[in-house]
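*Asks:* Sharing start.tsv here; it has TSV, C-alpha atoms.
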```tsv
chain	number	residue	atom	x	y	z
A	1	MET	CA	-33.39	-22.18	15.67
A	2	THR	CA	-30.32	-19.98	15.34
A	3	ASP	CA	-28.84	-18.59	18.53
A	4	TYR	CA	-28.05	-15.05	17.32
A	5	ASP	CA	-26.36	-14.09	20.59
A	6	GLU	CA	-23.88	-16.93	20.14
A	7	VAL	CA	-23.25	-15.91	16.52
A	8	PHE	CA	-22.55	-12.26	17.35
A	9	ALA	CA	-20.35	-13.23	20.31
A	10	ALA	CA	-18.26	-15.33	17.93
A	11	ARG	CA	-17.41	-12.50	15.53
A	12	PRO	CA	-13.68	-13.39	15.38
A	13	GLN	CA	-14.77	-16.85	14.17
A	14	TRP	CA	-17.18	-15.74	11.41
A	15	THR	CA	-14.72	-16.11	8.56
A	16	VAL	CA	-13.43	-19.45	9.85
A	17	ALA	CA	-16.98	-20.70	10.37
A	18	LEU	CA	-18.10	-19.74	6.86
A	19	ALA	CA	-14.92	-21.16	5.36
A	20	ALA	CA	-15.76	-24.49	7.05
A	21	LEU	CA	-18.90	-24.76	4.89
A	22	PRO	CA	-18.90	-26.06	1.30
A	23	LYS	CA	-17.86	-23.21	-1.00
A	24	PRO	CA	-20.93	-23.48	-3.29
A	25	GLU	CA	-23.18	-22.80	-0.27
A	26	VAL	CA	-21.24	-19.65	0.64
A	27	PHE	CA	-21.16	-18.45	-2.97
A	28	ALA	CA	-24.92	-19.03	-3.30
A	29	LEU	CA	-25.55	-17.01	-0.13
A	30	ALA	CA	-23.26	-14.19	-1.26
A	31	GLY	CA	-24.87	-14.22	-4.70
A	32	ARG	CA	-28.31	-13.67	-3.14
A	33	LEU	CA	-26.93	-10.80	-1.03
A	34	ALA	CA	-25.28	-9.22	-4.09
A	35	GLU	CA	-28.68	-9.18	-5.83
A	36	THR	CA	-30.11	-7.10	-2.96
A	37	HIS	CA	-27.19	-4.77	-2.32
A	38	THR	CA	-24.77	-2.85	-4.54
A	39	VAL	CA	-21.21	-4.04	-3.95
A	40	ARG	CA	-18.11	-2.02	-4.84
A	41	PRO	CA	-14.49	-2.88	-4.06
A	42	LEU	CA	-12.52	-0.42	-1.93
A	43	ALA	CA	-9.27	-2.24	-2.66
A	44	VAL	CA	-8.33	-4.60	-5.44
A	45	SER	CA	-9.09	-8.10	-4.17
A	46	GLN	CA	-5.90	-10.12	-4.18
A	47	ALA	CA	-4.93	-13.78	-3.95
A	48	GLY	CA	-1.46	-15.23	-3.68
A	49	LEU	CA	1.28	-16.07	-1.25
A	50	ALA	CA	2.28	-14.09	1.82
A	51	LEU	CA	5.41	-14.34	3.93
A	52	LEU	CA	4.86	-14.88	7.64
A	53	PRO	CA	7.38	-12.83	9.65
A	54	LEU	CA	8.26	-13.86	13.20
A	55	ARG	CA	10.74	-12.42	15.67
A	56	GLU	CA	13.00	-14.92	17.41
A	57	SER	CA	13.24	-14.48	21.15
A	58	VAL	CA	17.04	-14.34	21.69
A	59	GLN	CA	18.44	-11.74	19.27
A	60	LYS	CA	14.97	-10.30	18.56
A	61	GLN	CA	15.63	-10.56	14.85
A	62	THR	CA	12.82	-10.98	12.38
A	63	PHE	CA	12.84	-14.01	10.14
A	64	TYR	CA	10.34	-15.49	7.72
A	65	LEU	CA	8.82	-18.73	8.91
A	66	GLY	CA	7.46	-19.56	5.47
A	67	GLU	CA	4.85	-18.76	2.89
A	68	LEU	CA	1.13	-19.18	3.22
A	69	PRO	CA	-1.72	-18.70	0.75
A	70	LEU	CA	-3.55	-15.47	1.45
A	71	SER	CA	-6.51	-13.70	-0.11
A	72	THR	CA	-7.86	-10.29	0.82
A	73	SER	CA	-11.02	-8.36	0.09
A	74	HIS	CA	-12.34	-4.96	1.20
A	75	LEU	CA	-15.78	-3.97	-0.06
A	76	GLU	CA	-18.31	-1.19	0.19
A	77	ILE	CA	-21.93	-2.36	0.41
A	78	GLU	CA	-24.80	-0.02	-0.41
A	79	THR	CA	-28.33	-0.97	0.55
A	80	PRO	CA	-31.37	-0.07	-1.59
A	81	ASP	CA	-32.18	2.80	0.85
A	82	GLY	CA	-28.70	4.32	0.36
A	83	THR	CA	-27.01	3.15	3.56
A	84	THR	CA	-23.34	2.44	2.95
A	85	VAL	CA	-21.24	0.07	5.05
A	86	GLN	CA	-18.01	-1.85	4.62
A	87	GLY	CA	-17.02	-5.49	4.87
A	88	ALA	CA	-13.64	-7.19	4.71
A	89	ALA	CA	-12.05	-10.62	4.78
A	90	LEU	CA	-8.54	-11.99	5.07
A	91	ILE	CA	-8.37	-15.74	4.54
A	92	MET	CA	-5.68	-18.38	4.26
A	93	ALA	CA	-6.68	-19.52	0.78
A	94	ASP	CA	-5.68	-18.71	-2.78
A	95	ASP	CA	-9.15	-17.58	-3.88
A	96	ALA	CA	-9.98	-13.87	-4.20
A	97	ASP	CA	-13.60	-14.58	-5.21
A	98	PHE	CA	-14.13	-16.54	-2.00
A	99	ALA	CA	-12.62	-13.64	-0.02
A	100	ASP	CA	-15.12	-11.32	-1.75
A	101	ALA	CA	-17.99	-13.61	-0.74
A	102	LEU	CA	-16.82	-13.69	2.88
A	103	ALA	CA	-16.30	-9.92	2.94
A	104	LEU	CA	-19.86	-9.39	1.71
A	105	CYS	CA	-21.21	-11.73	4.41
A	106	ASP	CA	-19.08	-9.90	6.99
A	107	GLY	CA	-20.49	-6.50	6.05
A	108	VAL	CA	-24.10	-7.69	5.90
A	109	LEU	CA	-23.94	-9.50	9.24
A	110	THR	CA	-21.97	-6.81	11.08
A	111	HIS	CA	-24.43	-4.08	10.15
A	112	ARG	CA	-27.52	-6.34	10.13
A	113	LEU	CA	-28.45	-5.43	6.57
A	114	SER	CA	-31.22	-7.20	4.71
A	115	GLY	CA	-30.36	-10.91	4.59
A	116	TRP	CA	-28.29	-10.94	7.78
A	117	GLU	CA	-30.41	-13.73	9.30
A	118	ASP	CA	-29.37	-16.05	6.44
A	119	VAL	CA	-25.71	-15.22	7.05
A	120	ALA	CA	-26.13	-15.77	10.80
A	121	GLY	CA	-27.69	-19.16	10.08
A	122	GLN	CA	-24.76	-20.18	7.92
A	123	VAL	CA	-22.28	-18.92	10.52
A	124	ALA	CA	-24.07	-20.95	13.22
A	125	GLU	CA	-23.87	-24.04	10.99
A	126	GLY	CA	-20.17	-23.37	10.40
A	127	LEU	CA	-19.55	-22.98	14.13
A	128	GLU	CA	-21.26	-26.32	14.73
A	129	ARG	CA	-19.00	-27.94	12.12
A	130	LEU	CA	-15.94	-26.44	13.81
A	131	ARG	CA	-17.07	-27.80	17.18
A	132	HIS	CA	-17.59	-31.23	15.58
A	133	GLN	CA	-14.09	-31.12	14.09
A	134	ALA	CA	-12.67	-30.11	17.47
A	135	ARG	CA	-14.43	-33.04	19.17
A	136	ILE	CA	-13.01	-35.49	16.59
A	137	ARG	CA	-9.50	-34.11	17.04
A	138	LYS	CA	-9.79	-34.28	20.82
A	139	THR	CA	-10.92	-37.90	20.62
A	140	MET	CA	-8.04	-38.78	18.28
A	141	LEU	CA	-5.60	-37.07	20.62
A	142	THR	CA	-6.96	-38.95	23.62
A	143	ARG	CA	-6.81	-42.33	21.86
A	144	SER	CA	-3.29	-41.78	20.60
A	145	ARG	CA	-1.87	-40.75	23.97
A	146	VAL	CA	1.24	-42.73	24.95
A	147	ASN	CA	2.15	-43.42	28.57
A	148	PHE	CA	5.93	-43.17	28.63
A	149	SER	CA	6.07	-43.93	32.35
A	150	LEU	CA	5.64	-47.68	31.57
A	151	LEU	CA	8.82	-47.61	29.47
A	152	ASN	CA	10.73	-46.24	32.45
A	153	GLU	CA	9.44	-49.09	34.67
A	154	ASP	CA	10.65	-51.71	32.15
A	155	ASP	CA	14.13	-50.17	32.12
A	156	GLU	CA	14.32	-50.49	35.86
B	1	MET	CA	-18.02	-16.87	-9.18
B	2	ASN	CA	-17.47	-13.16	-9.67
B	3	LEU	CA	-19.50	-11.15	-7.14
B	4	VAL	CA	-17.68	-7.87	-7.53
B	5	SER	CA	-17.05	-6.18	-10.83
B	6	VAL	CA	-14.38	-3.52	-11.15
B	7	GLU	CA	-13.79	-0.89	-13.80
B	8	PRO	CA	-11.40	-1.91	-16.61
B	9	VAL	CA	-8.67	0.31	-15.17
B	10	TRP	CA	-8.25	-2.07	-12.21
B	11	ARG	CA	-8.12	-5.29	-14.22
B	12	PRO	CA	-4.73	-6.92	-14.87
B	13	GLU	CA	-5.31	-7.39	-18.60
B	14	SER	CA	-6.18	-3.69	-19.03
B	15	GLN	CA	-3.15	-2.64	-17.03
B	16	GLN	CA	-0.91	-4.81	-19.20
B	17	ARG	CA	-2.28	-3.12	-22.33
B	18	GLY	CA	-1.86	0.28	-20.70
B	19	TYR	CA	1.70	-0.50	-19.65
B	20	ARG	CA	2.56	-1.37	-23.25
B	21	VAL	CA	1.26	2.07	-24.31
B	22	LEU	CA	3.34	3.78	-21.60
B	23	LEU	CA	6.45	1.90	-22.78
B	24	ASP	CA	5.77	3.12	-26.32
B	25	ALA	CA	5.28	6.66	-25.04
B	26	MET	CA	8.62	6.58	-23.23
B	27	SER	CA	10.33	5.03	-26.26
B	28	TYR	CA	9.08	7.78	-28.57
B	29	PRO	CA	9.09	11.02	-26.55
B	30	GLY	CA	6.47	13.51	-27.63
B	31	ARG	CA	4.33	10.95	-29.45
B	32	VAL	CA	0.68	11.27	-28.37
B	33	LEU	CA	-0.97	7.91	-27.62
B	34	ASP	CA	-4.55	7.06	-26.73
B	35	LEU	CA	-5.21	5.01	-23.60
B	36	ARG	CA	-8.90	4.31	-24.28
B	37	ASP	CA	-8.13	0.88	-25.77
B	38	ALA	CA	-6.71	-0.09	-22.41
B	39	PHE	CA	-8.83	1.77	-19.88
B	40	GLY	CA	-12.09	2.57	-21.65
B	41	GLU	CA	-13.63	5.76	-20.28
B	42	SER	CA	-11.44	5.90	-17.15
B	43	ARG	CA	-9.20	8.94	-16.81
B	44	ALA	CA	-5.71	8.60	-18.28
B	45	GLU	CA	-4.08	9.89	-15.06
B	46	LEU	CA	-5.77	7.12	-13.07
B	47	GLY	CA	-4.81	4.49	-15.63
B	48	ILE	CA	-1.17	5.56	-15.62
B	49	LEU	CA	-1.03	5.34	-11.83
B	50	ALA	CA	-2.85	1.99	-11.81
B	51	CYS	CA	-0.23	0.61	-14.22
B	52	LEU	CA	2.81	1.90	-12.39
B	53	ILE	CA	1.99	1.78	-8.71
B	54	ASP	CA	1.79	-1.00	-6.17
B	55	ASP	CA	2.41	-1.26	-2.43
B	56	ILE	CA	6.20	-1.34	-2.88
B	57	VAL	CA	6.46	2.25	-4.18
B	58	THR	CA	5.10	5.54	-2.85
B	59	PHE	CA	2.97	8.17	-4.52
B	60	SER	CA	1.71	11.65	-3.87
B	61	ASP	CA	-1.39	13.54	-4.91
B	62	PRO	CA	-0.74	17.08	-3.68
B	63	ASP	CA	-3.59	18.61	-5.72
B	64	GLY	CA	-6.16	16.06	-4.52
B	65	ARG	CA	-7.06	14.76	-7.98
B	66	LEU	CA	-7.99	11.29	-6.72
B	67	ASP	CA	-10.90	10.45	-4.47
B	68	ALA	CA	-10.61	8.26	-1.38
B	69	ARG	CA	-11.70	5.08	-3.18
B	70	GLU	CA	-9.19	5.58	-6.00
B	71	ARG	CA	-6.40	6.07	-3.48
B	72	GLY	CA	-7.45	2.89	-1.69
B	73	MET	CA	-7.54	0.92	-4.92
B	74	LEU	CA	-3.99	2.02	-5.75
B	75	ASN	CA	-2.90	0.38	-2.48
B	76	ALA	CA	0.29	2.46	-2.23
B	77	PRO	CA	1.48	4.68	0.61
B	78	CYS	CA	0.58	8.33	-0.09
B	79	ILE	CA	3.34	10.65	1.17
B	80	ALA	CA	4.80	14.13	0.67
B	81	PRO	CA	5.62	14.98	-2.97
B	82	ASP	CA	9.32	15.65	-2.39
B	83	LEU	CA	9.73	12.07	-1.11
B	84	ALA	CA	7.39	10.17	-3.41
B	85	ASP	CA	8.29	7.87	-6.31
B	86	TYR	CA	5.23	8.89	-8.37
B	87	ILE	CA	3.53	12.27	-8.17
B	88	LEU	CA	0.28	13.38	-9.78
B	89	HIS	CA	0.01	17.13	-10.45
B	90	ALA	CA	-2.60	19.42	-11.93
B	91	ALA	CA	-0.58	20.83	-14.82
B	92	GLU	CA	-2.51	24.11	-14.96
B	93	ARG	CA	-0.99	25.15	-11.64
B	94	PRO	CA	2.71	26.06	-11.72
B	95	PRO	CA	5.05	24.14	-9.42
B	96	LEU	CA	5.66	25.70	-6.01
B	97	PRO	CA	8.83	27.84	-6.01
B	98	ASP	CA	10.78	25.60	-3.64
B	99	TYR	CA	9.47	22.30	-5.01
B	100	THR	CA	11.97	19.66	-6.09
B	101	PRO	CA	10.95	16.02	-6.52
B	102	LYS	CA	13.38	13.15	-5.96
B	103	LEU	CA	16.14	13.40	-8.59
B	104	GLY	CA	18.12	10.28	-7.69
B	105	SER	CA	21.90	10.30	-7.51
B	106	LEU	CA	24.85	9.46	-9.73
B	107	TYR	CA	24.91	5.92	-8.32
B	108	ARG	CA	21.13	5.55	-7.98
B	109	PRO	CA	19.51	7.50	-10.84
B	110	ASP	CA	16.56	5.11	-10.54
B	111	ASP	CA	15.80	6.52	-7.08
B	112	SER	CA	14.06	9.47	-8.72
B	113	ALA	CA	10.47	10.53	-9.23
B	114	THR	CA	8.11	10.08	-12.15
B	115	LEU	CA	5.70	13.00	-12.51
B	116	ILE	CA	2.28	12.69	-14.07
B	117	LEU	CA	1.11	16.13	-15.24
B	118	SER	CA	-2.59	16.18	-15.97
B	119	GLY	CA	-3.69	19.01	-18.28
B	120	VAL	CA	-6.56	19.91	-20.59
B	121	GLU	CA	-5.30	18.63	-23.94
B	122	VAL	CA	-2.21	16.81	-25.21
B	123	GLY	CA	-1.53	17.11	-28.94
B	124	GLN	CA	-3.14	20.51	-29.53
B	125	GLY	CA	-2.85	23.93	-27.99
B	126	PRO	CA	-0.93	27.16	-27.67
B	127	LEU	CA	2.10	25.81	-25.82
B	128	THR	CA	4.53	24.10	-28.17
B	129	LEU	CA	7.46	21.96	-27.07
B	130	LEU	CA	10.21	21.13	-29.55
B	131	LEU	CA	11.88	17.88	-28.55
B	132	GLU	CA	15.21	16.32	-29.45
B	133	GLY	CA	17.09	13.34	-28.12
B	134	PRO	CA	16.91	9.52	-28.00
B	135	GLY	CA	13.79	8.08	-29.60
B	136	ILE	CA	13.23	11.18	-31.75
B	137	GLU	CA	14.26	11.39	-35.37
B	138	HIS	CA	15.57	14.94	-35.87
B	139	GLN	CA	12.93	16.89	-33.97
B	140	ALA	CA	9.40	16.33	-32.63
B	141	GLU	CA	6.73	18.89	-31.84
B	142	LEU	CA	4.33	18.47	-28.93
B	143	ARG	CA	1.46	20.94	-28.51
B	144	LEU	CA	-0.29	21.34	-25.18
B	145	THR	CA	-3.31	23.04	-23.61
B	146	GLY	CA	-3.64	23.58	-19.88
B	147	PHE	CA	0.00	23.04	-18.99
B	148	ASP	CA	1.77	25.85	-17.13
B	149	PRO	CA	5.06	26.60	-18.95
B	150	ALA	CA	6.85	26.84	-15.61
B	151	TRP	CA	6.82	23.04	-15.37
B	152	PHE	CA	9.13	22.75	-18.36
B	153	ALA	CA	11.47	25.49	-17.18
B	154	ARG	CA	11.78	23.68	-13.85
B	155	ARG	CA	12.24	20.35	-15.62
B	156	ASP	CA	15.24	21.78	-17.47
B	157	ALA	CA	16.89	22.42	-14.10
B	158	TRP	CA	15.91	19.02	-12.68
B	159	VAL	CA	17.40	17.05	-15.60
B	160	SER	CA	20.49	19.25	-16.04
B	161	ASN	CA	22.72	16.87	-14.08
B	162	PHE	CA	22.19	13.65	-16.03
B	163	PRO	CA	21.69	10.80	-15.08
B	164	GLU	CA	19.88	12.49	-12.21
B	165	GLY	CA	16.47	13.90	-13.10
B	166	VAL	CA	12.79	13.14	-13.44
B	167	ASP	CA	10.62	11.49	-16.08
B	168	LEU	CA	7.32	13.08	-17.07
B	169	PHE	CA	4.05	11.73	-18.38
B	170	LEU	CA	1.80	14.46	-19.82
B	171	CYS	CA	-1.84	13.47	-20.07
B	172	ASP	CA	-5.30	14.81	-20.73
B	173	ARG	CA	-8.59	12.92	-20.29
B	174	PHE	CA	-7.62	9.97	-22.47
B	175	ARG	CA	-4.22	10.59	-24.07
B	176	VAL	CA	-0.63	10.52	-22.92
B	177	ALA	CA	2.81	11.63	-24.08
B	178	ALA	CA	6.11	11.12	-22.28
B	179	LEU	CA	9.16	13.25	-21.65
B	180	PRO	CA	11.99	11.07	-20.35
B	181	ARG	CA	14.95	12.83	-18.74
B	182	THR	CA	17.03	12.24	-21.86
B	183	SER	CA	14.87	14.51	-24.02
B	184	ARG	CA	15.96	18.06	-24.70
B	185	VAL	CA	13.00	20.45	-24.64
B	186	ARG	CA	12.62	23.94	-26.06
B	187	GLN	CA	9.44	25.96	-25.53
B	188	THR	CA	7.80	28.15	-28.14
B	189	GLU	CA	4.45	29.94	-27.87
```
Kindly transcribe the structure held in the file into structure tokens.
*Replies:*
Amino acid sequence: MTDYDEVFAARPQWTVALAALPKPEVFALAGRLAETHTVRPLAVSQAGLALLPLRESVQKQTFYLGELPLSTSHLEIETPDGTTVQGAALIMADDADFADALALCDGVLTHRLSGWEDVAGQVAEGLERLRHQARIRKTMLTRSRVNFSLLNEDDE
Amino acid sequence: MNLVSVEPVWRPESQQRGYRVLLDAMSYPGRVLDLRDAFGESRAELGILACLIDDIVTFSDPDGRLDARERGMLNAPCIAPDLADYILHAAERPPLPDYTPKLGSLYRPDDSATLILSGVEVGQGPLTLLLEGPGIEHQAELRLTGFDPAWFARRDAWVSNFPEGVDLFLCDRFRVAALPRTSRVRQTE
């Protein structure tokens, strides 16, 4: 049973949650949504590398930390009854088609268009995967903790 | 998986074909070339902008010829025409009396504007331009419909201080011709 309140409260995590799922599952979901709704791009979907600018704290000068893969999508979604909404996605991946799929899911779920329950279910599954990953990382961190205080005692 | 289909004018392969046509147009001033092979049924003015513009340059659409979606798809900052790198004009309207696009400078002639004048018909019509200069053997004739003659009088002034000046693309629904700043133009009716 999907907890819709939890899904809508986690809106900043939607893209991350969906990206945590196998891509074929997300594409299949987006494909079903695209059969119901008319999808038009509002900007040319792009995939490539982006520079990450940061400002250092002493001289306040901007420098580029490095490059990261980035894909963007901005879509207009029209329902069969003529309602028009927008969806968008910005992901750290070199895959414009995947950004399109996430943008479509974003628009459908945000505006609760036909099929939004399916998207919410996938987001909930993605959130659960993220929590599972976080638990594994926390366990690894705990097990790999080093107590440096013992080294100090040996020196003495 | 391709969820979203876009018109040919926004596809890279179409823009590459269109860019080749624009290079040919600039290389042979006054020659009328068809853009339908590149952009299908999309408007030539939109295809030219799609080929030339990205988010690094600026453009202006003072006559409102593009709709909101087309502006968004171009993904370039839209600013005042006297500051823009690329400007789309309705050629039937004469230029405003005090209008001067960017002309560049002696050291930066590239910092000048490219104007896209969109008229009714390129290749036929009552307004005749006689062209001479690089890329033209002896003399070329370009006939136009729906282009206010004032544009070409003003262009003469804008390109009078070479290498400063502007470059022009003249287009109708599907066709394009170019007038680089090196071309000498004489009008006859």
*Asks:* With all atoms listed in the file considered, list every residue of chain B at most 6 Å from chain A, as a PyMOL selection string.
*Replies:* chain B and resi 69+72-73
*Asks:* Quick one: distance from CA of Ile116 in chain B to CA of Leu88 in chain B in Å, one decimal?
*Replies:*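 Result for CA of Ile116 in chain B versus CA of Leu88 in chain B: 4.8 Å, one decimal.
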*Asks:* Using only C-alpha atoms, which of the listed residues (B:Leu106, B:Leu130, B:Val185, B:Ile136) sits closest to Leu168 in chain B?
*Replies:*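 Answer, going by the shortest atom-to-atom distance: B:Val185.
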*Asks:* Step by step: start from the point (11.8, 8.1, -11.0) in the file's coordinates, keep every protein, DNA or RNA residue that has an atom no farther than 12 Å from it, count only C-alpha atoms, and write the set as an NGL selection string.
*Replies:* :B and (52-53 or 57-59 or 82-87 or 101-105 or 108-116 or 158-159 or 163-169 or 180-181)
*Asks:* One decimal, in Å: what's the spacing between CA of Thr83 in chain A and CA of His37 in chain A?
*Replies:*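 Going from CA of Thr83 in chain A over to CA of His37 in chain A, I get 9.9 Å.
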*Asks:* If we count all atoms listed in the file and set the cut-off at 7 Å, which residues sit around Arg184 in chain B, ignoring sequence neighbours fewer than 5 positions away in its own chain? Please answer as JSON, numbers by chain.
*Replies:* {"B": [131, 132, 133]}
*Asks:* Between CA of Pro81 in chain B and CA of Asp156 in chain B, measure the distance and give it in Å to one decimal.
*Replies:*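 Distance between the two atoms: 18.7 Å.
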*Asks:* Give me the residues within 9 Å of Arg11 in chain A as a tab-separated table (two decimals) with C-alpha atoms, keeping the file's coordinate frame, counting all atoms listed in the file and dropping any in the same chain fewer than 4 places off.
*Replies:*
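The resulting file, part_26.tsv, is reproduced below:
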```tsv
chain	number	residue	atom	x	y	z
A	7	VAL	CA	-23.25	-15.91	16.52
A	15	THR	CA	-14.72	-16.11	8.56
A	110	THR	CA	-21.97	-6.81	11.08
```
*Asks:* Skip Ala25 in chain B itself and residues of its chain fewer than 5 positions away, then list as an mmCIF file with C-alpha atoms, keeping the file's coordinate frame all residues within 8 Å of it, counting only C-alpha atoms.
*Replies:*
```cif
data_model
loop_
_atom_site.group_PDB
_atom_site.id
_atom_site.type_symbol
_atom_site.label_atom_id
_atom_site.label_comp_id
_atom_site.auth_asym_id
_atom_site.auth_seq_id
_atom_site.Cartn_x
_atom_site.Cartn_y
_atom_site.Cartn_z
ATOM 1 C CA GLY B 30 6.470 13.510 -27.630
ATOM 2 C CA ARG B 31 4.330 10.950 -29.450
ATOM 3 C CA VAL B 32 0.680 11.270 -28.370
ATOM 4 C CA LEU B 33 -0.970 7.910 -27.620
ATOM 5 C CA VAL B 176 -0.630 10.520 -22.920
ATOM 6 C CA ALA B 177 2.810 11.630 -24.080
ATOM 7 C CA ALA B 178 6.110 11.120 -22.280
#
```
*Asks:* Counting all atoms listed in the file, which residue out of A:Gln133, A:Thr72, A:Ser57, A:Thr36 sits closest to Asp94 in chain A?
*Replies:* A:Thr72
*Asks:* Nearest residue to Glu137 in chain B out of B:Ser42, B:Ser183, B:Arg93, B:Ser14, using all atoms listed in the file?
*Replies:*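 Between B:Ser42, B:Ser183, B:Arg93, B:Ser14, the residue approaching Glu137 in chain B most closely is B:Ser183.
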*Asks:* Compile the contact shell of Phe63 in chain A as JSON, numbers by chain: residues with an atom at most 8 Å away, counting all atoms listed in the file, same-chain residues fewer than 6 positions apart removed.
*Replies:* {"A": [53, 54, 55, 56]}
*Asks:* Considering all atoms listed in the file, return as a list of chain:residue names whatever protein or nucleic-acid residues lie within 10 Å of Arg71 in chain B, sequence-local ones (same chain, fewer than 6 positions apart) excluded.
*Replies:*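 Near Arg71 in chain B, the qualifying residues are A:Leu42, A:Ala43, B:Leu46, B:Leu49, B:Ala50, B:Phe59, B:Ser60, B:Asp61, B:Arg65, B:Pro77, B:Cys78.
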*Asks:* I need the residue nearest Arg20 in chain B from this list: B:Leu170, B:Glu41, B:Glu121, B:Ile48. Use only C-alpha atoms for the distance.
*Replies:*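 Comparing B:Leu170, B:Glu41, B:Glu121, B:Ile48 against Arg20 in chain B, the winner is B:Ile48.
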*Asks:* Between B:Arg186, B:Arg17, B:Arg43, B:Arg11, which residue has the minimum interatomic distance to Arg143 in chain B, considering all atoms listed in the file?
*Replies:*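 Smallest separation from Arg143 in chain B among the options: B:Arg186.
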